[in-house]
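Undergrad: Please find one structure pasted underneath; my questions will follow.
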2 protein chains.
Amino acid sequence: MQKRIIKIKNASISEAASVVGKHEALGPLGACFDVCDTTDTFGADTWEKAESAMQKKAFNKLVDKLDTIPQSFGAMFAGDLQNQCVGSSYGLMEFDVPYFGLYGACSTCAEGLMLAALGVSAGYFERAAAVTSSHYLAAERQYRSPIEYGAQRSPTAQWTVTGAAAFSVERKGAVAITEAIPGIVVEKGINDASNMGAAMAPAAADTIIAYFKESGLSPRDFDLILTGDLGYEGGSILCELLLCENLDIRERYNDCGVLIYDRIRQDKHAGGSGCGCSAVVLASHILQKLRVGKLKNVLFMGTGAMMSPSSIQQGLAIPAVGHMIRLEHVGV
Amino acid sequence: MQKRIIKIKNASISEAASVVGKHEALGPLGACFDVCDTTDTFGADTWEKAESAMQKKAFNKLVDKLDTIPQSFGAMFAGDLQNQCVGSSYGLMEFDVPYFGLYGACSTCAEGLMLAALGVSAGYFERAAAVTSSHYLAAERQYRSPIEYGAQRSPTAQWTVTGAAAFSVERKGAVAITEAIPGIVVEKGINDASNMGAAMAPAAADTIIAYFKESGLSPRDFDLILTGDLGYEGGSILCELLLCENLDIRERYNDCGVLIYDRIRQDKHAGGSGCGCSAVVLASHILQKLRVGKLKNVLFMGTGAMMSPSSIQQGLAIPAVGHMIRLEHVGV
C-alpha cells in the first residue's frame with residue numbers, strides 16, 4: 001500500500017500576494033493584505049468578472065513583488081468556486097503561462113500549492129504559481145440565491161471570503177513545503193448545504209489522522225495546525241472527531257475562517273470559507289510569520305466540499321476532501 | 001524563459017478502461033469499448049448520477065483488468081464537465097484513493113494523464129489514475145437546455161459523448177508517455193457557444209506550434225496527431241491555422257470527435273466532444289493500436305473550452321486550452 005505522506009525536497013514558497021474586498025479589509029487581518037477594494041467590484045461590472053479581476057490583480061502583484069515577468073513561470077495551478085472555474089480561466093488568460101485548471105472547492109489553495117511544489121521539486125518547473133479566489137457575491141448567487149432576495153442565513157452558514165491570492169513556488173525560499181498529504185474524498189451523510197463545516201470536518205480528520213499515524217509525530221511537534229475554511233462549527237467538530245481517536249490538536253489548532261473576521265464586531269456566523277479564505281490568510285499573516293521564524297513548523301490544510309447545487313437538489317449528501325501540506329521556516 | 005516541452009522518463013499507460021452509452025456503442029468504434037449501457041442511465045435515476053455511475057464503472061473495470069485493489073493507486077486525477085465536477089467526486093468517492101480534482105473542460109483527460117505521468121515519473125506515486133467522463137443528457141441541460149425542450153442544434157454544434165474512461169499510469173507499460181506540453185489559455189474572440197471547435201482550435205494551434213518549434217521535429221515524425229474533441233469544424237480550422245504558420249499536419253491528423261460517430265449514419269453535426277470523447281477513444285481504439293505497435297509515435301491533445309453559461313450570458317468570448325502528450329510504443 002502506498003504511503004499517504006509525500007516527502008518534498010527543494011520546493012519553497014518564495015513569494016505571495018493577496019487581494020481582498022471590504023469585509024476582509026475591515027477584519028482583524030485587514031492590514032496584512034496587499035490590495036483591497038472596498039467596493040468589492042475591482043472595476044468590473046459583474047461579480048463574476050470582479051472575481052477574475054481579483055485573480056489578475058493577485059498574479060500581477062506577485063509578479064511585481066518578484067520583479068519578474070509572467071513568462072518566468074513554467075506553470076500555474078489555478079481554480080475557484082465558479083461554475084467551470086471561470087474566475088481563473090478569465091482572470092489568468094492574458095499571462096501566456098501553461099495553465100492547469102483545478103477543482104478542489106475550498107481546498108484549491110492547498111491542492112495548487114501541493115502540485116506546484118511537486119512539479120518544482122521534480123525539476124519540471126523552475127517556478128510555478130498557485131492561484132485561487134472566491135467572491136462572496138458571485139458565490140451567493142451561484143450556490144444559494146442572489147443576496148438581493150434577502151434569504152436568511154442559518155447560524156452554521158459560513159461567509160465566502162472575497163479574496164484572491166497568488167503564490168510562487170521555487171526551489172529556494174524562506175518557507176519550504178516539505179511534505180504533501182493529498183486528501184481522500186470522504187462523505188459521512190451530511191446533506192445540509194448551510195453547514196459546510198460539518199460536511200468537511202470528517203475529510204479533514206481523515207487526512208490529519210493518516211498524517212500523525214504515518215509520521216509518528218504529535219501535534220506538539222508543530223507551532224500551528226491550520227485548516228483553511230472549517231470555521232467555528234467545522235473546527236470544533238474536527239477537534240471532537242480527533243479526540244475520539246486520542247489525538248488532541250486543540251492547543252495548536254486554528255482556522256483561517258476563524259482568523260479572518262471579528263466574530264463579535266463582524267458577525268459572520270460560523271466564520272469565513274471559500275477558496276479565497278485559506279489563500280489570503282496564508283499568503284499574508286501566516287506566511288509573514290513563517291518567513292521571519294515566528295512560526296517554524298506548520299501544517300496547513302485546505303478542505304473542499306465537493307457537492308453542487310444540483311447534487312444537493314437531487315438529495316445527495318456532501319462529499320469532501322482535505323489536502324494538507326507541511327510548511328517549515330528555513331531562513332534565507 | 002522556461003521551455004514548453006517537459007521530457008518524461010519512466011511513465012507509461014499500463015492499462016485503461018472505457019464505458020459508453022448508446023450512441024457511442026452504435027458508432028464505428030462500438031466494438032472497442034469495454035462496457036456499454038444502451039439506456040444511458042447506468043442504473044441511476046438522474047443523468048448526473050448516471051455520469052458518476054459511469055466513472056465508478058470505468059475505475060472498477062480498470063482495477064479488475066489490473067487484477068489489483070483501488071488502494072494500489074497513490075492518486076487519482078479526475079474531472080468532468082458538471083458544475084463543481086460532481087461527476088467525479090461522487091463517482092470516485094468510495095475508493096479511498098487520494099483525489100486531485102481537475103477542471104480542464106474537454107482537455108481533462110490529457111491534463112490528468114499529464115499530471116499522473118509527471119507524478120509517477122518523479123516517484124511520488126507507484127501508480128496513478130486519470131479518470132474523466134461526460135454525459136450528453138447531463139451536459140445538454142446544464143450548458144444549453146434539457147433536450148425535452150426540443151431546441152434545434154446548429155450545424156457547428158458538437159455532440160457531447162456519453163462515456164467515461166480510467167487510465168492507470170505506472171513506471172512500466174507498453175505505451176510510454178514521453179513528453180508533456182501543457183497548454184496556455186488562448187482567447188481569440190469567438191463567443192458562439194454552439195461552435196466550440198472554433199473557440200478551441202486557436203488553443204490547439206498554439207500548443208502544436210510551440211511543440212514543433214521547440215522540438216525541431218516535423219508532423220511526419222509521427223504516425224498520428226490526434227486532437228480530442230475539435231470535431232469537423234474545429235479540426236479544419238486547426239489545420240488552416242497551422243498552414244498559415246507553414247505547418248501541414250493534414251496527412252497525420254485526426255480527431256476523436258470525428259472517429260467516434262458515423263457522420264452520415266449518425267448525423268452528429270460537427271462530431272463528438274466532451275471530456276469523455278477523447279478519453280474513451282484513447283482508452284480503447286488508439287491505445288490498442290499503440291500497444292501492439294500499429295501506432296508507434298502519437299501526439300495526443302485534449303482541448304478545453306473554459307467558459308461557463310454565465311460567462312457567455314455576460315457577453316464574454318470563450319477562452320480555451322490545449323494540453324498535449326506524446327505517446328510512444330515501447331513493447332512489453
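Each chain in the C-alpha cells gets a letter, A, B and so on, in the order shown; residues start at 1 in every chain, and ligands are counted from 1 in the order they appear.
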Please report as number ranges by chain which residues of chain A come no farther than 7 Å from chain B, using only C-alpha atoms.

TA: A: 1-2, 6, 71-72, 74, 83-84, 86, 89, 93, 96-99, 101-104, 122, 124, 182-186, 306-308

Undergrad: Run DSSP on the backbone and give me the residues of region 52-300 of chain A it puts in strand (DSSP E or B), as a PyMOL selection string.

TA: chain A and resi 75-80+98-102+127-134+159-160+163-170+175-181+184+186+224-227+253-255+272-273+297-300

Undergrad: What is the CA of Val330 (chain B)-CA of Asn297 (chain B) distance in Å, reported with one decimal?

TA: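 Interatomic distance here is 9.6 Å.
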
Undergrad: Residues at most 10 Å from Arg220 (chain A), counting only C-alpha atoms, excluding those fewer than 5 positions away in the same chain, as a count of residues only?

TA: 5

Undergrad: Would you list, as a compact mmCIF listing (two decimals) with N, CA and C atoms, in the first residue's frame, the residues of region 95-260 of chain A that end up in alpha helix (DSSP H) under DSSP run on this structure's backbone?

TA:
```
# COMPACT_ATOMS: atom_id res chain seq x y z
N THR A 108 -8.69 24.24 -2.91
CA THR A 108 -7.91 24.54 -4.12
C THR A 108 -6.55 25.16 -3.83
N CYS A 109 -6.48 26.02 -2.82
CA CYS A 109 -5.20 26.66 -2.50
C CYS A 109 -4.17 25.61 -2.09
N ALA A 110 -4.57 24.70 -1.20
CA ALA A 110 -3.65 23.64 -0.76
C ALA A 110 -3.32 22.69 -1.90
N GLU A 111 -4.33 22.36 -2.71
CA GLU A 111 -4.11 21.46 -3.85
C GLU A 111 -3.12 22.07 -4.84
N GLY A 112 -3.31 23.35 -5.13
CA GLY A 112 -2.43 24.03 -6.07
C GLY A 112 -1.01 24.15 -5.55
N LEU A 113 -0.86 24.50 -4.28
CA LEU A 113 0.48 24.60 -3.70
C LEU A 113 1.18 23.24 -3.72
N MET A 114 0.40 22.21 -3.44
CA MET A 114 0.94 20.85 -3.43
C MET A 114 1.46 20.46 -4.82
N LEU A 115 0.64 20.66 -5.83
CA LEU A 115 1.03 20.29 -7.19
C LEU A 115 2.18 21.16 -7.69
N ALA A 116 2.16 22.45 -7.34
CA ALA A 116 3.26 23.33 -7.73
C ALA A 116 4.56 22.86 -7.08
N ALA A 117 4.49 22.50 -5.80
CA ALA A 117 5.69 22.05 -5.08
C ALA A 117 6.20 20.73 -5.66
N LEU A 118 5.29 19.81 -5.97
CA LEU A 118 5.71 18.52 -6.55
C LEU A 118 6.37 18.75 -7.91
N GLY A 119 5.83 19.67 -8.70
CA GLY A 119 6.38 19.95 -10.02
C GLY A 119 7.74 20.64 -9.95
N VAL A 120 7.91 21.56 -9.02
CA VAL A 120 9.18 22.27 -8.87
C VAL A 120 10.24 21.32 -8.30
N SER A 121 9.86 20.56 -7.30
CA SER A 121 10.80 19.63 -6.67
C SER A 121 11.34 18.63 -7.68
N TYR A 136 -17.71 36.63 -2.44
CA TYR A 136 -18.95 36.43 -1.69
C TYR A 136 -20.19 36.56 -2.56
N LEU A 137 -20.24 37.62 -3.37
CA LEU A 137 -21.47 37.91 -4.10
C LEU A 137 -21.65 37.00 -5.31
N ALA A 138 -20.53 36.57 -5.91
CA ALA A 138 -20.63 35.59 -7.00
C ALA A 138 -21.04 34.23 -6.44
N ALA A 139 -20.46 33.87 -5.30
CA ALA A 139 -20.76 32.56 -4.70
C ALA A 139 -22.19 32.47 -4.21
N GLU A 140 -22.68 33.56 -3.57
CA GLU A 140 -24.05 33.51 -3.05
C GLU A 140 -25.05 33.27 -4.17
N ARG A 141 -24.91 34.01 -5.28
CA ARG A 141 -25.94 33.83 -6.30
C ARG A 141 -25.79 32.53 -7.06
N GLN A 142 -24.62 31.96 -7.06
CA GLN A 142 -24.46 30.68 -7.74
C GLN A 142 -24.90 29.51 -6.86
N TYR A 143 -24.47 29.52 -5.62
CA TYR A 143 -24.73 28.36 -4.75
C TYR A 143 -26.06 28.44 -4.01
N MET A 196 -21.41 23.60 5.80
CA MET A 196 -20.24 23.05 5.12
C MET A 196 -19.19 22.56 6.10
N GLY A 197 -19.09 23.23 7.25
CA GLY A 197 -18.09 22.84 8.25
C GLY A 197 -18.28 21.40 8.67
N ALA A 198 -19.53 21.02 8.92
CA ALA A 198 -19.82 19.65 9.35
C ALA A 198 -19.52 18.65 8.23
N ALA A 199 -19.77 19.06 6.99
CA ALA A 199 -19.51 18.15 5.86
C ALA A 199 -18.01 17.95 5.65
N MET A 200 -17.23 19.02 5.92
CA MET A 200 -15.80 18.95 5.60
C MET A 200 -14.95 18.39 6.74
N ALA A 201 -15.44 18.51 7.98
CA ALA A 201 -14.62 18.10 9.13
C ALA A 201 -14.17 16.63 9.05
N PRO A 202 -15.03 15.69 8.63
CA PRO A 202 -14.56 14.30 8.57
C PRO A 202 -13.42 14.10 7.56
N ALA A 203 -13.45 14.83 6.46
CA ALA A 203 -12.36 14.72 5.48
C ALA A 203 -11.07 15.28 6.06
N ALA A 204 -11.19 16.40 6.80
CA ALA A 204 -10.01 16.97 7.46
C ALA A 204 -9.46 15.98 8.47
N ALA A 205 -10.35 15.37 9.24
CA ALA A 205 -9.91 14.41 10.27
C ALA A 205 -9.20 13.23 9.62
N ASP A 206 -9.73 12.74 8.51
CA ASP A 206 -9.12 11.59 7.82
C ASP A 206 -7.66 11.88 7.47
N THR A 207 -7.42 13.07 6.90
CA THR A 207 -6.05 13.42 6.48
C THR A 207 -5.13 13.61 7.69
N ILE A 208 -5.64 14.27 8.72
CA ILE A 208 -4.81 14.52 9.90
C ILE A 208 -4.47 13.22 10.63
N ILE A 209 -5.46 12.35 10.77
CA ILE A 209 -5.21 11.06 11.43
C ILE A 209 -4.18 10.26 10.64
N ALA A 210 -4.35 10.21 9.31
CA ALA A 210 -3.39 9.48 8.47
C ALA A 210 -1.99 10.07 8.65
N TYR A 211 -1.91 11.39 8.75
CA TYR A 211 -0.60 12.03 8.87
C TYR A 211 0.10 11.66 10.18
N PHE A 212 -0.61 11.80 11.28
CA PHE A 212 0.06 11.54 12.56
C PHE A 212 0.35 10.05 12.75
N LYS A 213 -0.50 9.20 12.21
CA LYS A 213 -0.26 7.76 12.28
C LYS A 213 1.01 7.41 11.51
N GLU A 214 1.12 7.94 10.31
CA GLU A 214 2.24 7.55 9.45
C GLU A 214 3.54 8.23 9.83
N SER A 215 3.47 9.48 10.28
CA SER A 215 4.70 10.23 10.58
C SER A 215 5.26 9.89 11.96
N GLY A 231 -14.15 27.04 9.74
CA GLY A 231 -14.88 27.98 10.59
C GLY A 231 -15.07 27.43 12.00
N TYR A 232 -15.97 28.09 12.76
CA TYR A 232 -16.19 27.71 14.16
C TYR A 232 -16.81 26.32 14.27
N GLU A 233 -17.84 26.09 13.45
CA GLU A 233 -18.59 24.83 13.52
C GLU A 233 -17.71 23.64 13.10
N GLY A 234 -17.15 23.73 11.92
CA GLY A 234 -16.34 22.63 11.40
C GLY A 234 -15.10 22.40 12.24
N GLY A 235 -14.50 23.49 12.70
CA GLY A 235 -13.29 23.37 13.52
C GLY A 235 -13.55 22.61 14.81
N SER A 236 -14.69 22.93 15.44
CA SER A 236 -14.96 22.25 16.71
C SER A 236 -15.34 20.79 16.47
N ILE A 237 -16.01 20.49 15.35
CA ILE A 237 -16.31 19.08 15.03
C ILE A 237 -15.01 18.32 14.75
N LEU A 238 -14.10 18.96 14.02
CA LEU A 238 -12.81 18.33 13.73
C LEU A 238 -12.10 17.95 15.02
N CYS A 239 -12.01 18.91 15.96
CA CYS A 239 -11.30 18.63 17.21
C CYS A 239 -11.97 17.47 17.98
N GLU A 240 -13.30 17.44 17.94
CA GLU A 240 -14.01 16.34 18.60
C GLU A 240 -13.74 15.01 17.94
N LEU A 241 -13.79 15.00 16.59
CA LEU A 241 -13.54 13.75 15.86
C LEU A 241 -12.14 13.22 16.17
N LEU A 242 -11.18 14.15 16.27
CA LEU A 242 -9.80 13.72 16.53
C LEU A 242 -9.64 13.22 17.97
N LEU A 243 -10.37 13.86 18.90
CA LEU A 243 -10.31 13.41 20.30
C LEU A 243 -10.78 11.96 20.42
N CYS A 244 -11.78 11.59 19.61
CA CYS A 244 -12.26 10.19 19.61
C CYS A 244 -11.17 9.23 19.19
N CYS A 256 -8.39 29.43 9.25
CA CYS A 256 -8.36 30.72 8.55
C CYS A 256 -9.72 31.41 8.57
N GLY A 257 -10.78 30.64 8.54
CA GLY A 257 -12.13 31.21 8.57
C GLY A 257 -12.48 31.81 9.91
N VAL A 258 -11.76 31.41 10.95
CA VAL A 258 -11.93 31.99 12.29
C VAL A 258 -11.09 33.27 12.41
N LEU A 259 -9.90 33.22 11.78
CA LEU A 259 -8.96 34.34 11.90
C LEU A 259 -9.38 35.58 11.11
```

Undergrad: With only C-alpha atoms as the counted atoms, please give the residues lying no more than 7 Å from Leu299 (chain A), apart from itself and same-chain residues fewer than 6 positions off, as a list in words.

TA: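 So the residues in contact are Leu224, Ile225, Leu226, Met324, Ile325, Arg326 and Leu327 of chain A.
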